[in-house]
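Heads up, my_file_13.txt below (compact mmCIF, C-alpha atoms):
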```txt
# COMPACT_ATOMS: atom_id res chain seq x y z
CA MET A 1 -11.14 -24.77 -40.54
CA SER A 2 -13.40 -25.40 -43.48
CA GLU A 3 -11.59 -26.69 -46.46
CA ILE A 4 -12.12 -27.17 -50.16
CA ILE A 5 -10.57 -30.38 -51.30
CA THR A 6 -11.75 -31.79 -54.54
CA GLU A 7 -10.54 -34.54 -56.68
CA PRO A 8 -8.57 -33.41 -59.72
CA GLU A 9 -10.28 -34.26 -62.99
CA GLN A 10 -7.89 -36.97 -64.12
CA GLY A 11 -6.25 -37.57 -60.79
CA PRO A 12 -6.42 -40.62 -58.58
CA GLY A 13 -9.49 -41.14 -56.45
CA ASN A 14 -10.16 -39.43 -53.16
CA GLU A 15 -9.63 -42.66 -51.26
CA ALA A 16 -6.04 -42.99 -52.50
CA ARG A 17 -5.40 -39.35 -51.77
CA ARG A 18 -6.77 -39.68 -48.25
CA ARG A 19 -4.36 -42.57 -47.67
CA TRP A 20 -1.24 -40.80 -48.87
CA MET A 21 -2.16 -37.59 -47.01
CA ALA A 22 -2.42 -39.66 -43.82
CA VAL A 23 0.98 -41.28 -44.44
CA LEU A 24 2.57 -37.88 -45.11
CA ALA A 25 1.00 -36.36 -42.00
CA ARG A 26 2.22 -39.19 -39.77
CA ALA A 27 5.77 -39.28 -41.16
CA SER A 28 8.43 -37.35 -39.30
CA ARG A 29 9.89 -34.18 -40.73
CA ALA A 30 13.36 -35.74 -41.02
CA GLU A 31 11.97 -38.63 -43.08
CA LEU A 32 10.17 -36.25 -45.40
CA GLU A 33 13.27 -34.09 -45.81
CA ALA A 34 15.27 -37.17 -46.75
CA GLU A 35 12.68 -38.36 -49.27
CA TRP A 36 12.40 -34.85 -50.70
CA SER A 37 16.14 -34.52 -51.29
CA ASP A 38 16.13 -37.98 -52.93
CA LEU A 39 13.59 -36.90 -55.54
CA PRO A 40 15.12 -36.87 -59.02
CA ARG A 41 13.55 -33.48 -59.75
CA PRO A 42 12.17 -31.52 -56.78
CA PRO A 43 9.51 -29.11 -58.09
CA SER A 44 9.21 -25.44 -57.29
CA TYR A 45 5.91 -24.18 -55.95
CA GLU A 46 4.07 -21.05 -54.85
CA TRP A 47 1.91 -20.52 -51.80
CA LEU A 48 -1.85 -20.46 -51.82
CA ARG A 49 -1.82 -20.43 -48.04
CA ARG A 50 1.41 -20.18 -46.08
CA PRO A 51 1.79 -22.62 -43.19
CA GLU A 52 -0.31 -21.49 -40.24
CA VAL A 53 -0.71 -23.03 -36.82
CA GLY A 54 -4.16 -23.45 -35.33
CA LEU A 55 -6.06 -25.47 -32.80
CA VAL A 56 -8.48 -28.28 -33.50
CA MET A 57 -10.89 -29.64 -30.92
CA VAL A 58 -10.46 -33.37 -30.55
CA ARG A 59 -13.62 -35.21 -29.62
CA GLY A 60 -13.89 -38.72 -28.35
CA ARG A 61 -15.34 -41.09 -25.79
CA ALA A 62 -12.84 -40.72 -22.94
CA GLY A 63 -13.88 -43.90 -21.17
CA GLY A 64 -14.60 -45.80 -24.35
CA THR A 65 -18.35 -45.55 -23.70
CA GLY A 66 -21.02 -42.89 -23.73
CA GLN A 67 -21.27 -39.75 -25.79
CA ALA A 68 -18.32 -38.26 -27.67
CA PHE A 69 -17.11 -35.25 -25.74
CA ASN A 70 -14.46 -32.57 -26.18
CA LEU A 71 -11.23 -34.21 -25.02
CA GLY A 72 -9.00 -31.24 -25.61
CA GLU A 73 -7.39 -29.08 -28.24
CA MET A 74 -4.53 -30.14 -30.47
CA ALA A 75 -2.11 -27.94 -32.40
CA VAL A 76 -2.40 -28.43 -36.15
CA THR A 77 -0.41 -26.81 -38.94
CA ARG A 78 -1.97 -26.44 -42.36
CA CYS A 79 -0.90 -25.03 -45.69
CA ALA A 80 -1.75 -25.12 -49.37
CA LEU A 81 0.52 -24.64 -52.34
CA ARG A 82 0.47 -24.88 -56.11
CA LEU A 83 3.19 -26.29 -58.35
CA ALA A 84 4.80 -23.35 -60.09
CA ASP A 85 4.65 -24.79 -63.58
CA ALA A 86 3.16 -27.68 -65.50
CA ALA A 87 6.56 -29.39 -65.81
CA PHE A 88 5.09 -32.57 -64.36
CA GLY A 89 2.30 -32.83 -66.89
CA ALA A 90 -0.36 -30.96 -64.93
CA VAL A 91 -0.95 -28.03 -62.62
CA ALA A 92 -1.78 -29.28 -59.16
CA THR A 93 -2.47 -27.91 -55.71
CA GLY A 94 -1.29 -29.69 -52.60
CA HIS A 95 -2.88 -29.44 -49.18
CA ALA A 96 -1.62 -30.61 -45.82
CA TYR A 97 -2.94 -30.71 -42.27
CA VAL A 98 -0.36 -32.11 -39.88
CA LYS A 99 -0.22 -32.56 -36.13
CA GLY A 100 2.03 -30.16 -34.23
CA ARG A 101 3.59 -26.82 -35.00
CA ASP A 102 6.18 -27.81 -37.58
CA ARG A 103 5.63 -25.56 -40.60
CA ARG A 104 8.25 -27.28 -42.71
CA HIS A 105 6.56 -30.64 -42.12
CA ALA A 106 3.28 -29.23 -43.46
CA GLU A 107 5.09 -27.67 -46.41
CA LEU A 108 6.75 -30.94 -47.43
CA ALA A 109 3.56 -32.93 -46.97
CA ALA A 110 1.65 -30.49 -49.19
CA ALA A 111 4.40 -30.51 -51.82
CA PHE A 112 4.29 -34.31 -51.96
CA ASP A 113 0.50 -34.17 -52.15
CA ALA A 114 0.70 -31.88 -55.18
CA LEU A 115 3.34 -34.01 -56.84
CA LEU A 116 1.27 -37.17 -56.37
CA GLN A 117 -1.48 -35.62 -58.45
CA THR A 118 0.68 -35.04 -61.51
CA PRO A 119 1.25 -37.70 -64.17
CA ASP A 120 5.04 -37.26 -64.27
CA GLY A 121 5.73 -36.62 -60.61
CA ARG A 122 3.61 -39.45 -59.30
CA GLY A 123 6.06 -42.32 -59.74
CA PRO A 124 8.96 -41.23 -57.48
CA ALA A 125 6.55 -39.67 -54.97
CA GLN A 126 4.57 -42.88 -54.72
CA GLU A 127 7.79 -44.77 -54.02
CA ALA A 128 8.54 -42.33 -51.21
CA VAL A 129 5.07 -42.71 -49.72
CA ARG A 130 5.36 -46.49 -49.91
CA ARG A 131 8.67 -46.42 -48.00
CA LEU A 132 7.20 -44.12 -45.36
CA ALA A 133 4.15 -46.33 -44.96
CA ASP A 134 6.28 -49.49 -44.71
CA ARG A 135 8.48 -47.94 -42.06
CA ARG A 136 5.44 -46.87 -40.07
CA ALA A 137 3.98 -50.38 -40.31
CA ALA A 138 7.30 -51.94 -39.24
CA GLU A 139 7.49 -49.65 -36.21
CA ARG A 140 3.99 -50.50 -35.22
CA GLU A 141 4.74 -54.21 -35.60
CA GLN A 142 7.87 -53.84 -33.47
CA ARG A 143 5.97 -52.02 -30.77
CA SER A 144 3.18 -54.53 -30.60
CA ARG A 145 5.74 -57.37 -30.55
CA LYS A 146 7.47 -55.77 -27.57
CA ALA A 147 4.19 -55.30 -25.80
CA ASN A 148 3.19 -58.85 -26.59
CA ALA A 149 6.40 -60.23 -25.08
CA THR A 150 5.48 -58.81 -21.69
CA ARG A 151 1.92 -60.04 -21.80
CA VAL A 152 0.71 -61.73 -18.63
CA GLU A 153 -1.96 -64.38 -18.99
CA PHE A 154 -4.41 -64.42 -16.15
CA PHE A 155 -6.59 -67.36 -15.48
CA THR A 156 -8.96 -68.10 -12.72
CA MET A 157 -9.27 -71.38 -10.98
CA VAL A 158 -12.84 -72.37 -10.66
CA ARG A 159 -13.75 -75.34 -8.55
CA GLY A 160 -14.87 -78.30 -10.52
CA GLU A 161 -13.67 -76.94 -13.85
CA ASN A 162 -9.97 -77.68 -13.58
CA PRO A 163 -8.50 -79.48 -16.57
CA ARG A 164 -7.84 -83.15 -15.77
CA MET B 165 -20.11 -31.96 -50.01
CA THR B 166 -18.32 -28.66 -50.51
CA ALA B 167 -19.51 -25.87 -52.75
CA ALA B 168 -16.46 -26.49 -54.89
CA PHE B 169 -17.88 -29.89 -55.65
CA GLU B 170 -21.27 -28.46 -56.46
CA THR B 171 -19.84 -25.88 -58.79
CA GLY B 172 -17.47 -28.43 -60.26
CA PHE B 173 -14.51 -26.08 -59.99
CA ASP B 174 -11.15 -27.76 -60.26
CA THR B 175 -9.08 -26.34 -57.40
CA SER B 176 -5.81 -27.04 -59.17
CA ARG B 177 -6.46 -23.72 -60.89
CA LEU B 178 -7.08 -21.83 -57.65
CA ALA B 179 -5.50 -18.36 -57.69
CA THR B 180 -3.25 -17.07 -54.94
CA GLY B 181 -4.51 -14.38 -52.57
CA PHE B 182 -2.65 -11.65 -50.68
CA ALA B 183 1.12 -12.21 -50.95
CA ASP B 184 1.39 -11.56 -47.20
CA PRO B 185 -2.03 -12.22 -45.67
CA VAL B 186 -1.38 -10.32 -42.44
CA LEU B 187 0.39 -7.16 -43.64
CA ASP B 188 -1.53 -6.83 -46.90
CA ALA B 189 -4.87 -7.19 -45.12
CA GLN B 190 -3.78 -4.56 -42.59
CA ALA B 191 -2.78 -2.17 -45.37
CA ALA B 192 -6.09 -2.72 -47.17
CA PHE B 193 -7.99 -2.30 -43.89
CA ARG B 194 -6.28 1.06 -43.39
CA ARG B 195 -7.44 2.19 -46.84
CA LEU B 196 -11.01 1.03 -46.14
CA LEU B 197 -10.97 2.88 -42.82
CA ALA B 198 -9.81 6.01 -44.65
CA ALA B 199 -12.54 5.53 -47.26
CA PHE B 200 -15.27 5.35 -44.62
CA SER B 201 -13.79 8.26 -42.63
CA TYR B 202 -13.36 10.54 -45.64
CA VAL B 203 -16.64 9.81 -47.34
CA GLY B 204 -16.55 10.33 -51.09
CA ARG B 205 -12.77 10.59 -51.32
CA ILE B 206 -11.15 8.02 -53.57
CA GLN B 207 -8.62 5.69 -51.96
CA GLU B 208 -6.20 3.37 -53.73
CA VAL B 209 -5.34 -0.15 -52.62
CA ALA B 210 -2.29 -2.15 -53.67
CA GLU B 211 -2.32 -4.45 -56.68
CA ILE B 212 -2.93 -8.17 -56.16
CA ALA B 213 -1.01 -10.60 -58.36
CA GLU B 214 -3.84 -12.97 -59.26
CA ILE B 215 -7.49 -12.07 -59.17
CA PRO B 216 -10.20 -14.24 -60.73
CA ALA B 217 -12.19 -12.30 -63.35
CA PRO B 218 -14.36 -10.25 -63.19
CA LEU B 219 -13.26 -8.95 -59.79
CA ASN B 220 -11.04 -5.87 -59.68
CA ALA B 221 -8.20 -5.28 -57.21
CA ALA B 222 -10.26 -3.05 -54.91
CA THR B 223 -13.16 -5.51 -54.67
CA ALA B 224 -10.76 -8.41 -54.13
CA SER B 225 -8.94 -6.50 -51.37
CA PHE B 226 -12.24 -5.66 -49.71
CA CYS B 227 -13.31 -9.31 -49.63
CA LEU B 228 -9.94 -10.70 -48.54
CA THR B 229 -9.75 -8.13 -45.75
CA LEU B 230 -13.28 -8.15 -44.34
CA ALA B 231 -15.07 -11.35 -45.33
CA ASP B 232 -14.75 -14.35 -43.05
CA LEU B 233 -16.79 -17.29 -41.83
CA GLU B 234 -19.22 -15.02 -40.00
CA THR B 235 -20.14 -12.90 -43.02
CA PRO B 236 -22.31 -14.52 -45.69
CA LEU B 237 -21.27 -13.19 -49.06
CA TRP B 238 -23.62 -12.71 -51.99
CA LEU B 239 -22.27 -12.57 -55.54
CA ASP B 240 -24.34 -11.22 -58.43
CA GLY B 241 -24.74 -13.16 -61.66
CA ALA B 242 -21.63 -11.70 -63.27
CA ALA B 243 -19.40 -12.22 -60.20
CA GLY B 244 -20.83 -15.61 -59.23
CA ARG B 245 -18.52 -17.70 -61.39
CA PRO B 246 -17.12 -20.95 -60.01
CA ALA B 247 -13.56 -19.59 -60.03
CA VAL B 248 -14.58 -16.53 -58.00
CA ALA B 249 -16.71 -18.56 -55.58
CA ALA B 250 -13.95 -21.12 -54.99
CA TRP B 251 -11.33 -18.39 -54.56
CA LEU B 252 -13.39 -16.46 -52.00
CA ARG B 253 -14.33 -19.61 -50.10
CA PHE B 254 -10.73 -20.74 -49.94
CA HIS B 255 -9.09 -17.46 -48.95
CA CYS B 256 -11.86 -15.93 -46.80
CA GLY B 257 -13.74 -19.02 -45.64
CA ALA B 258 -16.93 -17.01 -46.11
CA PRO B 259 -20.19 -18.86 -46.76
CA LEU B 260 -21.97 -17.84 -49.96
CA ALA B 261 -25.50 -16.47 -49.59
CA ASP B 262 -28.19 -17.62 -52.02
CA ALA B 263 -30.04 -14.32 -52.01
CA PRO B 264 -29.10 -10.68 -51.39
CA GLU B 265 -31.38 -10.58 -48.31
CA GLY B 266 -29.16 -12.97 -46.35
CA ALA B 267 -25.81 -11.36 -47.08
CA ALA B 268 -23.51 -9.31 -44.85
CA PHE B 269 -21.42 -8.37 -47.88
CA ALA B 270 -22.52 -8.31 -51.50
CA VAL B 271 -20.40 -8.06 -54.62
CA VAL B 272 -21.96 -6.59 -57.75
CA ALA B 273 -19.88 -6.89 -60.92
CA ASP B 274 -22.67 -5.88 -63.28
CA PRO B 275 -24.43 -2.82 -61.80
CA ALA B 276 -26.82 -2.54 -64.77
CA ALA B 277 -28.51 -5.77 -63.69
CA MET B 278 -28.20 -5.34 -59.92
CA PRO B 279 -31.17 -5.66 -57.58
CA ARG B 280 -32.46 -2.44 -56.02
CA LEU B 281 -30.90 -1.44 -52.73
CA ASP B 282 -34.00 -2.39 -50.71
CA ARG B 283 -33.35 -6.05 -51.54
CA PHE B 284 -30.26 -6.00 -49.29
CA ALA B 285 -30.48 -6.30 -45.51
CA PRO B 286 -30.90 -2.80 -43.96
CA GLY B 287 -30.44 -3.95 -40.35
CA THR B 288 -33.06 -3.21 -37.72
CA ASP B 289 -33.78 -0.21 -35.50
CA GLN B 290 -32.23 -2.04 -32.55
CA TYR B 291 -29.30 -3.41 -34.57
CA PRO B 292 -28.58 -1.12 -37.53
CA ASP B 293 -25.15 -2.74 -37.79
CA ARG B 294 -26.75 -5.95 -39.07
CA SER B 295 -26.95 -4.43 -42.51
CA CYS B 296 -25.33 -5.29 -45.77
CA THR B 297 -22.33 -3.54 -47.30
CA VAL B 298 -22.64 -3.65 -51.06
CA VAL B 299 -19.50 -3.47 -53.21
CA ILE B 300 -20.32 -2.24 -56.72
CA GLN B 301 -17.79 -2.41 -59.53
CA VAL B 302 -18.29 0.62 -61.76
CA GLU B 303 -16.74 1.46 -65.14
CA ALA B 304 -15.10 4.72 -64.10
CA LEU B 305 -14.61 6.67 -60.91
CA SER B 306 -13.11 10.13 -60.52
CA GLN B 307 -13.11 13.09 -58.21
CA GLY B 308 -14.26 16.62 -58.92
CA GLN B 309 -15.98 18.09 -61.94
CA GLY B 310 -17.00 15.57 -64.58
CA GLN B 311 -14.99 15.57 -67.74
CA GLY B 312 -17.04 13.99 -70.51
CA GLN B 313 -19.56 11.30 -69.63
CA GLY B 314 -20.35 9.98 -66.23
CA GLN B 315 -22.86 10.86 -63.60
CA THR B 316 -21.82 13.59 -61.16
CA LEU B 317 -22.91 12.83 -57.61
CA ARG B 318 -22.84 15.80 -55.23
CA LEU B 319 -22.20 14.34 -51.80
CA GLN B 320 -23.04 15.93 -48.47
CA GLY B 321 -23.01 14.63 -44.91
CA PRO B 322 -20.74 13.34 -42.15
CA GLY B 323 -17.09 13.17 -43.17
CA ILE B 324 -17.50 15.81 -45.87
CA ASP B 325 -16.61 19.49 -45.48
CA GLY B 326 -19.45 21.16 -47.36
CA THR B 327 -20.01 19.23 -50.55
CA LEU B 328 -17.90 16.90 -52.65
CA ASP B 329 -18.33 15.89 -56.26
CA LEU B 330 -17.82 12.34 -57.40
CA VAL B 331 -18.05 11.33 -61.04
CA VAL B 332 -19.20 7.79 -61.63
CA THR B 333 -19.83 5.87 -64.84
CA GLY B 334 -21.88 2.71 -64.77
CA LEU B 335 -24.41 3.15 -61.97
CA PRO B 336 -27.97 2.05 -62.77
CA PRO B 337 -30.39 4.84 -63.80
CA TRP B 338 -32.51 4.37 -60.67
CA PHE B 339 -29.57 4.89 -58.36
CA ALA B 340 -30.27 8.42 -57.04
CA GLU B 341 -33.92 7.62 -56.38
CA THR B 342 -33.21 4.40 -54.38
CA TRP B 343 -30.36 6.07 -52.54
CA ALA B 344 -32.78 8.74 -51.26
CA LEU B 345 -35.00 5.96 -49.86
CA ASN B 346 -31.96 4.25 -48.32
CA HIS B 347 -30.87 7.51 -46.72
CA ALA B 348 -34.40 8.18 -45.41
CA ILE B 349 -34.54 5.05 -43.24
CA TYR B 350 -31.42 6.10 -41.28
CA PRO B 351 -30.07 4.67 -38.90
CA MET B 352 -31.02 1.61 -40.95
CA GLY B 353 -29.89 1.19 -44.53
CA VAL B 354 -27.08 -0.30 -46.59
CA ASP B 355 -23.59 1.11 -47.07
CA LEU B 356 -21.98 1.17 -50.50
CA VAL B 357 -18.42 0.83 -51.69
CA LEU B 358 -17.83 1.74 -55.33
CA THR B 359 -14.73 0.19 -56.87
CA CYS B 360 -12.89 0.59 -60.15
CA GLY B 361 -9.50 -1.02 -60.70
CA ARG B 362 -7.48 -0.22 -57.57
CA LYS B 363 -9.68 2.72 -56.64
CA LEU B 364 -12.47 2.61 -54.11
CA VAL B 365 -14.82 5.10 -52.49
CA ALA B 366 -17.27 4.58 -49.64
CA LEU B 367 -20.83 5.88 -49.52
CA PRO B 368 -22.23 5.16 -46.07
CA ARG B 369 -25.99 5.39 -45.45
CA GLY B 370 -25.69 8.80 -43.79
CA THR B 371 -24.54 10.49 -46.99
CA ARG B 372 -26.94 12.68 -48.95
CA ILE B 373 -26.56 12.55 -52.71
CA GLU B 374 -27.80 15.01 -55.29
CA GLY B 375 -27.33 13.47 -58.67
```
Before we go any further, please render this structure as structure tokens.
Amino acid sequence: MSEIITEPEQGPGNEARRRWMAVLARASRAELEAEWSDLPRPPSYEWLRRPEVGLVMVRGRAGGTGQAFNLGEMAVTRCALRLADAAFGAVATGHAYVKGRDRRHAELAAAFDALLQTPDGRGPAQEAVRRLADRRAAEREQRSRKANATRVEFFTMVRGENPR
Amino acid sequence: MTAAFETGFDTSRLATGFADPVLDAQAAFRRLLAAFSYVGRIQEVAEIAEIPAPLNAATASFCLTLADLETPLWLDGAAGRPAVAAWLRFHCGAPLADAPEGAAFAVVADPAAMPRLDRFAPGTDQYPDRSCTVVIQVEALSQGQGQGQGQTLRLQGPGIDGTLDLVVTGLPPWFAETWALNHAIYPMGVDLVLTCGRKLVALPRGTRIEG
């Protein structure tokens, strides 16, 4: 899957875009649907590439050491769309690559991506992305707290080094 | 980085491709198959909503249907605009060749300035299929006896019952001469597709042309 993603001329930097695309890809479809229906003015769009499901080879160091190797294939859904009009101050294209086979998830993620690149659509969309990111961070915090609560401390008694 | 970066094309102006990539590509493939089976007979493809200039519908259909990541594509000076390059890379995923020699498909939008046919890959004796298919956009294309201007090509060979006349406007003056050389190295040689608007006609290497 080779891809053309370039930074729009007056848009935000690639780094910011990478961050929000990651948040949108990790959010659940239900969350995105909710945020989408809360938008004051959901845009209409047309397809550049309808959602399609494909496989991506995931590479990594299985044991944490050694050479990266092919771990296995993962289903990925991608799509690209273009806002139908310049009602938000600019024409923009949105891209999405999301894990799994949920076409609607990819569609919503791409639509948010496009909206985030327009001067007038950015505000509400950024709010949505912030909420999604906060929720993800809270979940992660919760999980690590739970894991931490069951932590077992091991210590070894070594002769001659016991605390007095 | 990507070619889009190099060419500086802003992808927010990227045009759409086939409305239905699967069915439209199948329909276009059927027309191309007919064109190569019935050599010299004009076929018509469906219209495409958005095509970056200067490509015509037939050339665009050809590329969207056949070009992919295994077929380096060469664009001539007139066709090699950033909008066209970005569009083809996005919808076909085809790499762009720097020179005609390295291309599996070539698109010529300005035949007057095109390189001679021997610049394109003719394949080898062992692998004649590793040759280039050159798509040439011409000004006018019609069947039968020429009315008015235009060069009448009398075609003969496989796929043609007897002879067939094709009237073409816009081919370079050296065309007949280089085609004879191309035909002479059979089974090697390049295949041509002439396009005009939605019309296209195939001239495979085995065709003899009296012009």
Name all residues at most 10 Å from Arg103 of chain A (count only C-alpha atoms; drop same-chain ones fewer than 5 positions away) and give them as a list of chain:residue names.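 In the requested format, the answer is A:Arg29, A:Arg50, A:Pro51, A:Glu52, A:Val53, A:Val76, A:Thr77, A:Arg78, A:Cys79, A:Val98, A:Leu108, A:Ala109.
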Quick check, in Å to one decimal: how far apart do atom CA of Glu374 of chain B and atom CA of Leu317 of chain B lie? 5.8 Å
Need the shell around Ala276 of chain B: protein/DNA/RNA residues with any atom at most 9 Å away, counting only C-alpha atoms. Skip same-chain ones fewer than 6 positions apart. Format as a short mmCIF file (atom, residue, chain, number, x, y, z; two decimals) with C-alpha atoms, keeping the file's coordinate frame?
```cif
data_model
loop_
_atom_site.label_atom_id
_atom_site.label_comp_id
_atom_site.auth_asym_id
_atom_site.auth_seq_id
_atom_site.Cartn_x
_atom_site.Cartn_y
_atom_site.Cartn_z
CA GLY B 334 -21.88 2.71 -64.77
CA LEU B 335 -24.41 3.15 -61.97
CA PRO B 336 -27.97 2.05 -62.77
CA PRO B 337 -30.39 4.84 -63.80
#
```
Against chain B, which residues of chain A fall within 6 Å? For each one I want the closest pair of atoms and the distance in Å (one decimal), counting all atoms listed in the file, rows by chain and increasing residue number, as a Markdown table.
```
| residue | atom | partner | partner_atom | distance |
| --- | --- | --- | --- | --- |
| A:Leu48 | CA | B:Thr180 | CA | 4.8 |
| A:Ala92 | CA | B:Ser176 | CA | 4.6 |
| A:Thr93 | CA | B:Ser176 | CA | 4.9 |
```
Counting all atoms listed in the file, closest pick from A:Ala133, A:Leu81, A:Ala125, A:Ala62 relative to Glu107 of chain A is A:Leu81
Calculate how many Å separate atom CA of Ala68 of chain A from atom CA of Arg17 of chain A, rounding to one decimal.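 Taking atom CA of Ala68 of chain A as the start and atom CA of Arg17 of chain A as the end point, the length is 27.4 Å.
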Go ahead and compute the interatomic distance for atom CA of Val271 of chain B and atom CA of Val299 of chain B, in Å to one decimal.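 Result for atom CA of Val271 of chain B versus atom CA of Val299 of chain B: 4.9 Å, one decimal.
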Show me, as number ranges by chain, the residues that have an atom within 12 Å of Glu341 of chain B when counting only C-alpha atoms, minus same-chain residues fewer than 2 positions from it. B: 280-282, 335-339, 343-348, 372-375
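Residue nearest Asp232 of chain B, chosen from B:Ala268, B:Val248, B:Ile212, B:Leu305 and counting all atoms listed in the file: B:Ala268.
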